[in-house]
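See below for the structure under consideration.
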Amino acid sequence: MSKELRLDCLGEACPVPLIKTQKKMKKVGVGDTLVVEVDHSCAIKNVPEWARKEGYNCEIDEIDDGQWEIYIEKTK
Amino acid sequence: MAKKHENYDVVIIGAGSAGLTAGIYCGRSMLKTLIIEQSLVGGLITSTEDLENYPGFPEGVGGEELMNLFYEQAKKYGVKFKFTNVKEVDFSGQEKIVETFRNVYHTKSVIIATGVKPRLIGCKGEEELIGKGISFCSTCDANLCIDKDVYVIGGGDSAVEEAMYLTKFGRKVTIIHRRDELRAAKSIQEKAFKCKNLNFIWDTIVTEINGTDCVEYMVVKNVKTGQKTIIGPREGHTDFMVFPYVGLSPVTNIFEDEIELENGFIKTDEEMNTNVPGVFAAGDCRSKSLRQVITAAADGAIAAISAEKHIDYIE
């Protein structure tokens with residue numbers, strides 16, 4: 001059964017969300033999804049770019065004005 | 001994890017000038033509209049620094065700046081955005097299905113506005129070095145060219161314009177072209193031949209690009225004499241930059257089993273209908289002769305109206 005983990009990066013400016021995400025993804029199991037909560041627009045660029053380069057599935061939801069959830073599924 | 005199902009009137013794939021314009025028109029027609037974009041808003045034009053032929057901007061406008069205005073306008077009319085890539089589509093039923101990794105979208109119509117991406121040279125070693133000395137975006141990577149030798153491959157408008165731009169950064173910029181004359185517009189050629197730091201290697205193709213984490217050398221071949229030459233970095237440097245500008249290819253591979261394509265481009269009529277009812281195409285991904293922001297936007301508007309008519313018809 002795949003799990004969904006959350007990572008709170010609200011209030012954090014770049015590159016902190018990316019670094020935190022990279023660290024956290026190491027602990028995420030294959031098939032599981034990490035949901036990164038961010039409110040700095042730069043993070044919705046560099047976090048997905050990194051995730052796709054790694055070959056992970058990635059999707060962004062704008063949940064509020066200026067607040068996003070980045071879904072990253074560890075595919076391998 | 002179970003996928004979430006959502007219903008829409010229109011799903012637009014791609015948020016470049018065609019997709020965003022289609023979104024504006026659909027939004028204004030009160031259609032429930034979703035735009036799915038796999039990268040950033042704006043499409044290929046965002047890599048153009050200055051757009052001088054878009055009507056309404058006599059002083060010129062930045063590609064990204066213009067696209068952000070399109071984006072704002074689409075959002076104003078209630079268009080929803082989803083930033084992810086489309087995994088699969090099924091256009092066989094009246095209800096069309098578009099799947100991303102977390103969602104399944106059920107929609108009455110689809111507008112494909114996926115655009116084009118730069119074509120590869122197709123030589124040995126190229127794919128491994130993309131982003132490591134081989135770049136398709138001079139604006140993005142100009143800073144990496146400072147004090148280095150720069151090679152631009154191609155002879156069309158983009159190749160020559162980008163090469164001229166790069167002369168501001170690179171120590172020496174050279175265009176490698178497979179013919180003995182440029183294909184670029186005469187006005188651009190005139191500027192290019194006056195450009196001090198710009199050199200040309202004619203009748204030549206690149207057959208190999210090599211290096212570990214950067215471009216260390218490349219092999220070029222003169223197509224007339226067959227002679228091969230190795231090009232290395234300038235003295236005191238370990239690497240150089242290569243910018244291929246050899247044309248564009250459509251981003252349509254996920255649709256190839258669903259709709260009719262023509263050399264990879266989507267075949268449509270003047271109303272942007274593909275061969276599948278309810279599926280429309282707009283912009284650069286379509287088989288057409290002129291690929292510009294303005295023609296893509298025009299396609300988007302037409303596709304939106306056609307989608308609206310289709311929805312009225314099926315209901």
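We label chains A, B, ... in the order they appear in the structure tokens, count residues from 1 in each chain, and number ligands from 1 in the order shown.
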Practice item. Provide as a list in words the residues of chain B at most 12 Å from chain A, counting only C-alpha atoms. Key: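 Close to chain A, chain B has Met1, Ala2, Ile36, Glu37, Gln38, Ser39, Leu40, Val41, Lys75, Lys80, Phe81, Lys82, Phe83, Thr84, Asn85, Val86, Lys87, Thr100, Phe101, Arg102, Asn103 and Gly131 of chain B.
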Within 8 Å of range 167-177 of chain B, counting only C-alpha atoms, which residues qualify if same-chain residues fewer than 4 places away don't, as a CSV table (one decimal) with N, CA, C and O atoms, in the first residue's frame?
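Generated output (selection.csv):
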```csv
chain,number,residue,atom,x,y,z
B,142,ALA,N,23.4,31.9,-21.5
B,142,ALA,CA,24.4,32.9,-22.0
B,142,ALA,C,25.5,33.1,-20.9
B,142,ALA,O,26.7,33.2,-21.3
B,143,ASN,N,25.2,33.1,-19.7
B,143,ASN,CA,26.2,33.3,-18.6
B,143,ASN,C,27.3,32.2,-18.6
B,143,ASN,O,28.4,32.5,-18.2
B,145,CYS,N,28.6,31.1,-21.2
B,145,CYS,CA,29.5,31.2,-22.4
B,145,CYS,C,30.6,32.2,-22.1
B,145,CYS,O,31.5,32.4,-23.0
B,146,ILE,N,30.5,32.9,-21.0
B,146,ILE,CA,31.5,34.0,-20.8
B,146,ILE,C,32.9,33.5,-20.9
B,146,ILE,O,33.3,32.6,-20.3
B,147,ASP,N,33.6,34.2,-21.9
B,147,ASP,CA,35.0,33.9,-22.1
B,147,ASP,C,35.3,32.6,-22.8
B,147,ASP,O,36.5,32.2,-23.0
B,148,LYS,N,34.3,31.9,-23.2
B,148,LYS,CA,34.5,30.6,-23.8
B,148,LYS,C,34.2,30.7,-25.3
B,148,LYS,O,33.6,31.6,-25.8
B,149,ASP,N,34.6,29.6,-26.1
B,149,ASP,CA,34.3,29.5,-27.5
B,149,ASP,C,32.8,29.0,-27.5
B,149,ASP,O,32.5,28.1,-26.7
B,150,VAL,N,32.1,29.5,-28.5
B,150,VAL,CA,30.7,29.1,-28.6
B,150,VAL,C,30.4,28.7,-30.0
B,150,VAL,O,30.8,29.4,-31.0
B,151,TYR,N,29.7,27.5,-30.2
B,151,TYR,CA,29.4,27.1,-31.6
B,151,TYR,C,27.9,27.0,-31.7
B,151,TYR,O,27.2,26.4,-30.8
B,152,VAL,N,27.3,27.6,-32.7
B,152,VAL,CA,25.9,27.5,-32.9
B,152,VAL,C,25.7,26.7,-34.2
B,152,VAL,O,26.3,26.9,-35.2
B,153,ILE,N,24.8,25.7,-34.1
B,153,ILE,CA,24.7,24.8,-35.3
B,153,ILE,C,23.4,25.1,-36.0
B,153,ILE,O,22.3,25.2,-35.3
B,154,GLY,N,23.4,25.4,-37.3
B,154,GLY,CA,22.2,25.7,-38.0
B,154,GLY,C,22.4,27.0,-38.8
B,154,GLY,O,23.4,27.7,-38.6
B,155,GLY,N,21.4,27.3,-39.7
B,155,GLY,CA,21.6,28.5,-40.6
B,155,GLY,C,20.3,29.3,-40.8
B,155,GLY,O,20.2,30.1,-41.6
B,159,ALA,N,19.0,30.4,-35.5
B,159,ALA,CA,20.4,30.1,-35.3
B,159,ALA,C,21.2,31.4,-35.4
B,159,ALA,O,22.0,31.6,-34.5
B,160,VAL,N,20.9,32.2,-36.4
B,160,VAL,CA,21.7,33.4,-36.6
B,160,VAL,C,21.4,34.4,-35.6
B,160,VAL,O,22.4,35.0,-35.0
B,163,ALA,N,23.0,33.3,-32.3
B,163,ALA,CA,24.5,33.5,-32.4
B,163,ALA,C,24.9,34.9,-32.2
B,163,ALA,O,25.9,35.2,-31.5
B,181,GLU,N,25.4,28.7,-47.8
B,181,GLU,CA,24.8,30.0,-47.5
B,181,GLU,C,23.7,29.9,-46.4
B,181,GLU,O,23.2,28.8,-46.2
B,182,LEU,N,23.4,31.0,-45.7
B,182,LEU,CA,22.4,30.9,-44.7
B,182,LEU,C,21.0,30.9,-45.2
B,182,LEU,O,20.8,31.3,-46.3
B,197,ASN,N,32.3,39.6,-33.8
B,197,ASN,CA,32.7,38.4,-33.1
B,197,ASN,C,32.1,37.2,-33.7
B,197,ASN,O,32.2,36.1,-33.1
B,198,LEU,N,31.5,37.2,-34.9
B,198,LEU,CA,30.8,36.1,-35.4
B,198,LEU,C,31.5,35.5,-36.6
B,198,LEU,O,31.9,36.2,-37.5
B,199,ASN,N,31.8,34.2,-36.5
B,199,ASN,CA,32.5,33.5,-37.6
B,199,ASN,C,31.7,32.4,-38.2
B,199,ASN,O,30.7,32.0,-37.6
B,200,PHE,N,32.1,31.9,-39.3
B,200,PHE,CA,31.3,30.9,-40.0
B,200,PHE,C,32.1,29.7,-40.5
B,200,PHE,O,33.2,29.9,-41.0
B,201,ILE,N,31.6,28.5,-40.3
B,201,ILE,CA,32.2,27.3,-40.9
B,201,ILE,C,31.1,26.8,-41.8
B,201,ILE,O,30.0,26.3,-41.4
B,202,TRP,N,31.4,26.8,-43.1
B,202,TRP,CA,30.3,26.4,-44.1
B,202,TRP,C,30.4,24.9,-44.5
B,202,TRP,O,31.5,24.3,-44.3
B,203,ASP,N,29.4,24.4,-45.1
B,203,ASP,CA,29.3,23.0,-45.7
B,203,ASP,C,29.8,22.0,-44.6
B,203,ASP,O,30.4,21.0,-45.0
B,204,THR,N,29.4,22.2,-43.4
B,204,THR,CA,29.9,21.3,-42.4
B,204,THR,C,28.8,20.9,-41.4
B,204,THR,O,27.9,21.6,-41.1
B,205,ILE,N,28.9,19.6,-41.1
B,205,ILE,CA,28.0,19.0,-40.1
B,205,ILE,C,28.8,18.5,-38.9
B,205,ILE,O,30.0,18.2,-39.0
```
Practice item. Please measure the separation of CA of Glu308 in chain B and CA of Ile35 in chain B, giving the value in Å to one decimal. Key: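 So the two atoms, CA of Glu308 in chain B and CA of Ile35 in chain B, lie 15.6 Å apart.
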Practice item. Using DSSP on the backbone coordinates, identify all residues within range 76-267 of chain B classified as alpha helix (DSSP H); present the result as a list in words. Key: Lys76, Ser138, Thr139, Cys140, Asp141, Asp157, Ser158, Ala159, Val160, Glu161, Glu162, Ala163, Met164, Tyr165, Leu166, Lys186, Ser187, Ile188, Gln189, Glu190, Lys191, Ala192, Phe193 and Lys194 of chain B
Quick one: residues within 10 Å of Lys228 in chain B, only C-alpha atoms counted, chain neighbours fewer than 4 positions away excluded, as a short mmCIF file (atom, residue, chain, number, x, y, z; two decimals) with N, CA, C and O atoms, in the first residue's frame?
```
data_model
loop_
_atom_site.label_atom_id
_atom_site.label_comp_id
_atom_site.auth_asym_id
_atom_site.auth_seq_id
_atom_site.Cartn_x
_atom_site.Cartn_y
_atom_site.Cartn_z
N THR B 204 29.39 22.22 -43.41
CA THR B 204 29.92 21.34 -42.37
C THR B 204 28.83 20.86 -41.42
O THR B 204 27.94 21.62 -41.06
N ILE B 205 28.92 19.59 -41.06
CA ILE B 205 27.97 19.03 -40.08
C ILE B 205 28.76 18.52 -38.86
O ILE B 205 29.96 18.24 -38.97
N VAL B 206 28.08 18.43 -37.74
CA VAL B 206 28.70 17.90 -36.53
C VAL B 206 28.40 16.41 -36.47
O VAL B 206 27.25 16.00 -36.59
N THR B 207 29.42 15.58 -36.31
CA THR B 207 29.17 14.14 -36.30
C THR B 207 29.32 13.53 -34.90
O THR B 207 28.85 12.43 -34.64
N VAL B 219 33.59 16.51 -33.23
CA VAL B 219 34.11 16.16 -34.55
C VAL B 219 33.16 16.72 -35.59
O VAL B 219 31.95 16.51 -35.51
N VAL B 220 33.71 17.47 -36.54
CA VAL B 220 32.87 18.00 -37.61
C VAL B 220 33.35 17.46 -38.96
O VAL B 220 34.51 17.07 -39.08
N LYS B 221 32.45 17.42 -39.91
CA LYS B 221 32.80 16.86 -41.22
C LYS B 221 32.35 17.82 -42.31
O LYS B 221 31.22 18.27 -42.33
N ASN B 222 33.27 18.10 -43.21
CA ASN B 222 32.93 18.91 -44.37
C ASN B 222 32.16 18.03 -45.34
O ASN B 222 32.66 16.99 -45.78
N VAL B 223 30.93 18.44 -45.69
CA VAL B 223 30.09 17.57 -46.52
C VAL B 223 30.55 17.51 -47.97
O VAL B 223 30.20 16.60 -48.71
#
```
Point to revise | CA of Tyr56 in chain A to CA of Thr46 in chain B, distance in Å rounded to a single decimal | key: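 About the pair CA of Tyr56 in chain A and CA of Thr46 in chain B: they are 25.0 Å apart.
With only C-alpha atoms as the atoms that count, the minimum distance from Val16 in chain A to the choices A:Ile63, A:Cys42, A:Ala51, A:Val30 is reached by A:Cys42.
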Practice item. One decimal, Å: what's the distance from CA of Val98 in chain B over to CA of Lys309 in chain B, could you say? Key: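 For CA of Val98 in chain B relative to CA of Lys309 in chain B, the distance reads 20.5 Å.
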Check your understanding: Just asking: which residues within range 25-221 of chain B are strand (DSSP E or B) according to DSSP, as a PyMOL selection string?
Key -> chain B and resi 33-37+51+61+80-84+88-90+96-99+103-112+116-118+124+130+134+149-153+172-176+198-201+204-210+215+217-221
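Within 9 Å of Glu128 in chain B, once only C-alpha atoms are used and residues closer than 6 positions along the same chain are dropped, the contacting residues are Asn210, Thr212 and Asp213 of chain B.
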Please produce an output containing N, CA and C atoms for each residue in the selection, written as a PDB file, in the first residue's frame.
```
ATOM      1  N   ASN B 210      31.737  15.270 -27.646  1.00  0.00           N
ATOM      2  CA  ASN B 210      32.316  14.438 -26.596  1.00  0.00           C
ATOM      3  C   ASN B 210      32.710  15.187 -25.343  1.00  0.00           C
ATOM      4  N   THR B 212      32.862  14.478 -20.586  1.00  0.00           N
ATOM      5  CA  THR B 212      32.200  13.790 -19.479  1.00  0.00           C
ATOM      6  C   THR B 212      31.100  14.662 -18.884  1.00  0.00           C
ATOM      7  N   ASP B 213      31.464  15.759 -18.230  1.00  0.00           N
ATOM      8  CA  ASP B 213      30.420  16.601 -17.673  1.00  0.00           C
ATOM      9  C   ASP B 213      30.303  17.935 -18.389  1.00  0.00           C
TER      10      ASP B 213
END
```
